[in-house]
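Just below is one structure, and these are the notes that go with it.
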Amino acid sequence: MDLTTVWFLLIAVLFTGYFILEGFDFGVGILLPALGRDDRERRVLINTIGPVWDGNEVWLITAAGAMFAAFPEWYATLFSGFYLPLLLILIALIFRNVAFEYRHKRPDAAWKARWDTAITVGSAVPAVAWGVILANIVHGVPLSADHEYTGDLLAALHPYTLLGGATFLALFATHGALFLALKTTGDVRERANQLAGRLGMVTFPLTAVFLAWTLDLRQNPAAVALTLLAILALVAGLAANRVRREGWAFTGTTVATGLLVATAFTAIFPDVLPSTTDPAGTLTTTNAAASGYTLGILTWIAAFCTPVVLAYQAWTYWVFRRRIGVANIPTD
Amino acid sequence: MDALDVARWQFGVTTVYHFLFVPLTIGLSVLVAILQTMWLRTGNERYLKLTKFYGKLFLINFAMGIVTGIVQEFQFGMNWSDYSRFVGDIFGAPLAIEALLAFFLESTFLGLWIFGWDRLPKRVHLACIWAAAIGSTVSAYFILAANSWMQNPVGYRINPESGRAELTDFVAVLTNKVALITFPHTIFGCFLVAGSLIVAVAVWHLVRRPDNPDADTYRFAARFGATVTLLATAGVLATGDIQSKIMTEVQPMKMAAAEGLYETESPASFSVLTVGSLDGSRELFALKIPYLLSWLSTGDVNGEVHGINDLQAQYTAQYGPGSYTPIIPVTYWSFRLMIGFGLAAAAIAVWTLWAHRRGRTPTSKWLLRAALVMPVLPLAANCFGWIFTEMGRQPWIVFGEMLTRDGVSRSVSLAEVLTSFTAFTLVYATLAVVEVRLLVRYARHGLPDTDPPEPDPTDHDDEDKPLAFAY
């Protein structure tokens with residue numbers, strides 16, 4: 001396998017990891033008003049992701065950095081082309097991240113309510129925007145022969161990409177609800193469990209239609225196999241939730257989210273950003289790639305660092321493996 | 001006004017704003033780690049209180065550092081896509097490695113440190129803050145290596161077919177002499193900020209309430225912070241001296257612009273303050289130290305220092321017609337303000353140590369006022385340092401290879417850049433007010449009452465026990 005393919009795979013893995021991990025912490029944020037009835041309950045929800053959300057977000061920073069280094073043309077075209085969706089994501093993440101740190105820093109209710117809104121909106125907006133962006137990558141965008149994005153904002157919004165946004169929102173909410181059912185005790189756990197079941201009714205059809213449409217756009221046998229597995233994992237996860245097997249239920253949406261993203265990347269390979277206007281504008285793993293020397297160095301560093309990073313991130317989840325409930329929230 | 005102008009302003013504003021949080025994050029993470037180490041070594045609860053107290057101020061600040069950093073990373077692609085295409089090979093690599101090697105370490109172990117007080121054995125918990133501190137320091141090295149490549153490009157060739165810069169020697173990029181000296185200079189600058197913040201808070205509590213039950217602890221903190229500040233000042237001066245010689249060698253125009261030196265001189269005198277016309281044709285008032293500029297630039301009191309006019313002629317011959325001169329008032333004044341603000345902080349640190357000599361507790365309202373201003377001084381020095389080094393490189397985005405105006409995104413409209421510039425400016429301004437208020441609120445609150453936390457990594461404890469730390 002040549003290095004450009006290796007790096008395409010690695011970037012796909014980084015984005016997959018990002019959507020799986022931040023997917024559930026976005027989900028927790030989205031469900032904050034729905035599942036947290038009072039301040040203590042909302043603090044339970046926020047503290048389930050407290051120790052890990054920051055580490056989850058670094059997956060995005062690494063994915064973007066790796067894209068910059070390994071496929072500069074892809075990074076440049078994508079980031080300048082999706083200017084406004086990315087701006088929305090940045091503003092949302094700014095408010096959301098600060099909100100986690102700041103909401104408890106003052107006792108008054110209005111202050112907390114404002115930051116709670118920041119967490120909810122700040123989690124929902126990136127979920128939708130990432131769905132729209134990923135769907136656009138699969139669908140292709142108008143590119144000139146020298147790989148410049150030539151569309152406007154409306155070119156990025158059509159039924160398939162909007163469906164992508166809705167699918168990500170619903171899937172992350174379900175994923176987050178199942179994470180909460182797994183990580184909390186008492187009333188919150190009960191309600192998370194029930195809400196996950198109801199959300200599943202929406203998530204399942206959205207995901208199925210989105211995946212079918214994806215396959216219709218980009219015929220690719222490997223993507224068909226991944227799609228079937230993704231749907232199977234989602235069904236299994238929702239079924240496990242019904243019988244209160246919370247670990248398996250969360251594993252189900254984890255696998256389904258991963259396979260959904262994997263399907264998208266598999267469907268476009270070896271393109272990285274297909275052009276809908278001038279075919280010469282299409283970016284591929286070869287014409288978007290950095291030089292072989294850079295890719296070689298990056299490969300060595302990734303080979304040594306990635307296992308270490310995975311090990312200590314996994315350890316974090318182990319350290320904070322215990323469920324928490326309202327009784328664990330300190331009164332101060 | 002076009003998209004290029006707005007993109008430049010946006011980069012300036014977001015970078016300077018990001019760098020208000022970075023120095024405190026880097027400096028305080030190490031100082032908090034040192035305090036926690038002292039607690040573990042001595043068992044003295046005073047150090048635990050200080051760890052938790054300054055740790056909280058550190059965390060309020062840390063959240064802003066991260067998110068403004070993501071904006072920086074995205075901005076290269078969003079506003080400067082032609083630059084990204086040109087240098088991705090070289091500039092992207094340290095950025096990717098920074099994320100993989102440093103950011104994961106920093107964020108993961110900081111999460112473990114914040115929430116792990118009662119979940120981890122004491123030594124493991126201490127190792128977590130050290131890991132986070134090392135992560136943030138390592139990240140500074142990689143981003144400075146990337147920036148230094150823009151100042152002094154090394155280890156690359158231009159591919160004649162694609163017109164892109166391609167990496168040929170990664171070790172050369174990481175050992176770029178500009179990077180090797182900029183890194184310690186920046187890190188010392190970070191400790192200048194962190195030390196000053198520690199002094200300011202401690203002196204405020206001491207002067208306001210000399211009978212404070214924690215007075216001894218604050219006395220220790222004030223002396224600790226002042227000592228850090230002074231050591232950092234020595235480091236900043238020593239590295240700054242070496243840096244100015246390297247800068248004269250690789251970017252002579254930047255040195256000439258720093259001094260507003262129009263004609264080549266040998267020996268050259270250092271201008272402490274010059275008031276005159278902007279093109280250097282008229283001098284109204286000048287305060288100069290003979291020989292100093294020659295020595296700063298070349299290490300020889302009689303060394304020749306090239307002037308702006310000579311360099312402009314030389315670059316025109318080399319790169320074709322055009323202006324290769326940065327905006328002189330900006331470079332001249334930012335260079336002086338960087339040094340002046342830094343030295344002012346050091347002076348207050350000396351005063352603080354003097355006021356605490358032989359067991360004394362300061363009572364001076366003037367020291368209190370000075371101490372409250374103190375953290376702002378090195379922050380301002382850092383900002384002007386960055387403004388100087390980036391503006392001094394203009395009109396180049398990559399010195400000698402790419403002009404800033406050629407790096408901008410062609411597909412991004414003025415309306416889009418204006419939208420994002422306005423959005424970031426408003427958001428950043430709002431959050432600056434919130435952050436400063438919170439910092440002041442927690443700083444005023446004073447040292448926490450702490451029972452030393454008992455680590456209990458087993459699962460046999462009470463399931464309903466409150467968390468040692470919760471959002």
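Residues are named by chain letter and number: chains run A, B, ... in the order of the structure tokens, numbers start at 1 in each chain, and ligands are numbered from 1 in the order shown.
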
If we count only C-alpha atoms, what is near Val272 of chain A at a cut-off of 9 Å, once residues fewer than 3 positions away on the same chain are taken out, given as a VMD selection string? chain A and resid 8 74 137 to 138 265 268 to 269 282 to 285 288

Exercise for the section: Taking the chain letters and numbering used in this document, name the residues of segment 93-173 of chain B that DSSP puts in alpha helix (DSSP H), as a PyMOL selection string. Expected result: chain B and resi 93-97+104-115+122-151+170-173

For the interface of chain A with chain B (cut-off 6 Å, counting only C-alpha atoms), please tabulate each contacting residue of chain A alongside its nearest pair of atoms and their separation in Å to one decimal, rows sorted by chain and increasing number, as a Markdown table.
| residue | atom | partner | partner_atom | distance |
| --- | --- | --- | --- | --- |
| A:Pro51 | CA | B:Gly111 | CA | 4.4 |
| A:Asp54 | CA | B:Ser107 | CA | 5.7 |
| A:Gly55 | CA | B:Thr108 | CA | 4.9 |
| A:Thr62 | CA | B:Ala99 | CA | 5.0 |
| A:Gly65 | CA | B:Ala96 | CA | 4.2 |
| A:Ala66 | CA | B:Ala96 | CA | 4.9 |
| A:Phe68 | CA | B:Gly92 | CA | 5.0 |
| A:Ala69 | CA | B:Gly92 | CA | 3.8 |
| A:Pro72 | CA | B:Gly88 | CA | 4.8 |
| A:Glu73 | CA | B:Arg85 | CA | 5.4 |
| A:Ala76 | CA | B:Ser81 | CA | 4.5 |
| A:Phe79 | CA | B:Met78 | CA | 4.7 |
| A:Ser80 | CA | B:Met78 | CA | 4.0 |
| A:Tyr83 | CA | B:Met78 | CA | 6.0 |
| A:Ile94 | CA | B:Val67 | CA | 5.3 |
| A:Val98 | CA | B:Ala63 | CA | 5.6 |
| A:Ala290 | CA | B:Asp89 | CA | 5.2 |
| A:Ala327 | CA | B:Asp464 | CA | 5.3 |
| A:Asn328 | CA | B:Pro466 | CA | 3.9 |
| A:Ile329 | CA | B:Pro466 | CA | 5.3 |
| A:Pro330 | CA | B:Pro466 | CA | 5.0 |

Output for the residues just chosen: all heavy atoms as a short mmCIF file (atom, residue, chain, number, x, y, z; two decimals), in the first residue's frame:
data_model
loop_
_atom_site.label_atom_id
_atom_site.label_comp_id
_atom_site.auth_asym_id
_atom_site.auth_seq_id
_atom_site.Cartn_x
_atom_site.Cartn_y
_atom_site.Cartn_z
N PRO A 51 -14.21 14.65 32.37
CA PRO A 51 -12.79 14.35 32.25
C PRO A 51 -12.33 14.04 30.82
O PRO A 51 -11.13 13.97 30.57
CB PRO A 51 -12.62 13.08 33.11
CG PRO A 51 -13.89 12.94 33.89
CD PRO A 51 -14.95 13.62 33.10
N ASP A 54 -12.34 17.14 26.43
CA ASP A 54 -11.22 17.89 25.89
C ASP A 54 -10.31 16.97 25.07
O ASP A 54 -9.90 17.30 23.95
CB ASP A 54 -10.47 18.52 27.07
CG ASP A 54 -9.48 19.56 26.63
OD1 ASP A 54 -9.42 19.85 25.43
OD2 ASP A 54 -8.77 20.08 27.50
N GLY A 55 -10.02 15.79 25.63
CA GLY A 55 -9.23 14.81 24.88
C GLY A 55 -9.93 14.38 23.61
O GLY A 55 -9.29 14.15 22.58
N THR A 62 -6.10 16.96 15.61
CA THR A 62 -5.13 16.08 14.97
C THR A 62 -5.55 15.75 13.54
O THR A 62 -4.72 15.73 12.63
CB THR A 62 -4.97 14.79 15.79
OG1 THR A 62 -4.74 15.16 17.15
CG2 THR A 62 -3.79 13.97 15.30
N GLY A 65 -4.84 18.79 11.44
CA GLY A 65 -3.39 18.94 11.29
C GLY A 65 -2.82 17.90 10.34
O GLY A 65 -1.99 18.21 9.48
N ALA A 66 -3.29 16.66 10.46
CA ALA A 66 -2.81 15.58 9.59
C ALA A 66 -3.21 15.85 8.15
O ALA A 66 -2.46 15.60 7.21
CB ALA A 66 -3.37 14.24 10.07
N PHE A 68 -3.71 18.82 6.82
CA PHE A 68 -2.84 19.93 6.39
C PHE A 68 -1.48 19.38 5.93
O PHE A 68 -0.95 19.72 4.87
CB PHE A 68 -2.67 20.91 7.56
CG PHE A 68 -2.09 22.26 7.22
CD1 PHE A 68 -2.05 23.26 8.20
CD2 PHE A 68 -1.59 22.56 5.96
CE1 PHE A 68 -1.53 24.52 7.91
CE2 PHE A 68 -1.06 23.82 5.67
CZ PHE A 68 -1.02 24.78 6.64
N ALA A 69 -0.92 18.47 6.75
CA ALA A 69 0.42 17.96 6.47
C ALA A 69 0.44 16.96 5.32
O ALA A 69 1.31 17.01 4.46
CB ALA A 69 0.99 17.32 7.74
N PRO A 72 -2.14 18.77 1.66
CA PRO A 72 -2.32 20.23 1.76
C PRO A 72 -3.41 20.76 0.83
O PRO A 72 -4.16 21.67 1.22
CB PRO A 72 -0.95 20.79 1.36
CG PRO A 72 0.01 19.68 1.41
CD PRO A 72 -0.75 18.40 1.34
N GLU A 73 -3.51 20.19 -0.38
CA GLU A 73 -4.52 20.69 -1.33
C GLU A 73 -5.93 20.40 -0.83
O GLU A 73 -6.84 21.20 -0.99
CB GLU A 73 -4.33 20.02 -2.70
CG GLU A 73 -3.04 20.40 -3.40
CD GLU A 73 -3.16 21.70 -4.19
OE1 GLU A 73 -4.26 22.26 -4.28
OE2 GLU A 73 -2.12 22.15 -4.70
N ALA A 76 -6.60 22.83 2.04
CA ALA A 76 -6.78 24.21 1.58
C ALA A 76 -8.14 24.38 0.89
O ALA A 76 -8.87 25.35 1.16
CB ALA A 76 -5.65 24.60 0.63
N PHE A 79 -11.16 23.72 3.55
CA PHE A 79 -11.34 24.72 4.61
C PHE A 79 -11.72 26.09 4.05
O PHE A 79 -12.46 26.83 4.69
CB PHE A 79 -10.10 24.79 5.51
CG PHE A 79 -10.08 23.72 6.56
CD1 PHE A 79 -10.05 22.37 6.20
CD2 PHE A 79 -10.12 24.02 7.91
CE1 PHE A 79 -10.04 21.38 7.16
CE2 PHE A 79 -10.12 23.03 8.89
CZ PHE A 79 -10.08 21.71 8.50
N SER A 80 -11.22 26.42 2.84
CA SER A 80 -11.66 27.70 2.27
C SER A 80 -13.03 27.54 1.61
O SER A 80 -13.82 28.48 1.58
CB SER A 80 -10.62 28.22 1.26
OG SER A 80 -10.42 27.30 0.22
N TYR A 83 -16.29 27.63 4.19
CA TYR A 83 -15.93 28.72 5.08
C TYR A 83 -16.98 28.96 6.15
O TYR A 83 -16.69 28.97 7.35
CB TYR A 83 -15.73 29.99 4.25
CG TYR A 83 -14.96 31.08 4.96
CD1 TYR A 83 -13.59 31.14 4.88
CD2 TYR A 83 -15.62 32.04 5.71
CE1 TYR A 83 -12.87 32.13 5.52
CE2 TYR A 83 -14.91 33.04 6.36
CZ TYR A 83 -13.54 33.07 6.27
OH TYR A 83 -12.84 34.05 6.92
N ILE A 94 -16.27 27.31 20.62
CA ILE A 94 -15.74 28.30 21.57
C ILE A 94 -16.69 28.42 22.76
O ILE A 94 -16.30 28.24 23.92
CB ILE A 94 -15.55 29.67 20.90
CG1 ILE A 94 -14.39 29.63 19.91
CG2 ILE A 94 -15.29 30.75 21.96
CD1 ILE A 94 -14.23 30.90 19.08
N VAL A 98 -15.94 26.81 26.68
CA VAL A 98 -15.85 27.75 27.77
C VAL A 98 -16.98 27.50 28.77
O VAL A 98 -16.80 27.59 29.98
CB VAL A 98 -15.88 29.19 27.22
CG1 VAL A 98 -15.99 30.20 28.33
CG2 VAL A 98 -14.63 29.46 26.40
N ALA A 290 0.99 15.49 -0.03
CA ALA A 290 2.30 16.08 0.22
C ALA A 290 3.36 15.18 -0.43
O ALA A 290 3.03 14.11 -0.96
CB ALA A 290 2.54 16.21 1.72
N ALA A 327 -26.18 11.96 43.91
CA ALA A 327 -25.53 11.87 45.22
C ALA A 327 -24.04 12.19 45.13
O ALA A 327 -23.43 12.59 46.12
CB ALA A 327 -25.72 10.47 45.81
N ASN A 328 -23.45 12.01 43.96
CA ASN A 328 -22.01 12.25 43.82
C ASN A 328 -21.66 13.71 43.55
O ASN A 328 -20.49 14.05 43.48
CB ASN A 328 -21.44 11.40 42.67
CG ASN A 328 -21.68 9.93 42.87
OD1 ASN A 328 -22.48 9.32 42.16
ND2 ASN A 328 -21.04 9.36 43.87
N ILE A 329 -22.69 14.53 43.33
CA ILE A 329 -22.41 15.93 43.01
C ILE A 329 -22.21 16.69 44.31
O ILE A 329 -23.10 16.74 45.15
CB ILE A 329 -23.58 16.55 42.20
CG1 ILE A 329 -23.76 15.79 40.89
CG2 ILE A 329 -23.33 18.03 41.96
CD1 ILE A 329 -22.56 15.80 39.97
N PRO A 330 -21.00 17.26 44.50
CA PRO A 330 -20.76 17.99 45.74
C PRO A 330 -21.66 19.23 45.85
O PRO A 330 -21.99 19.84 44.84
CB PRO A 330 -19.28 18.39 45.64
CG PRO A 330 -18.92 18.26 44.21
CD PRO A 330 -19.88 17.32 43.57
#

Which residues are near Arg393 of chain B? Cut-off 12 Å, only C-alpha atoms, ignore same chain within fewer than 2 positions. Put them as JSON, numbers by chain.
{"B": [147, 148, 149, 150, 151, 152, 247, 250, 251, 252, 253, 254, 255, 256, 257, 258, 324, 325, 326, 327, 328, 330, 331, 386, 387, 388, 389, 390, 391, 395, 396, 397, 398, 399, 400, 401, 402, 403, 404]}

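For the pair atom CA of His185 of chain B and atom CA of Gly240 of chain B, the interatomic distance is 6.3 Å.
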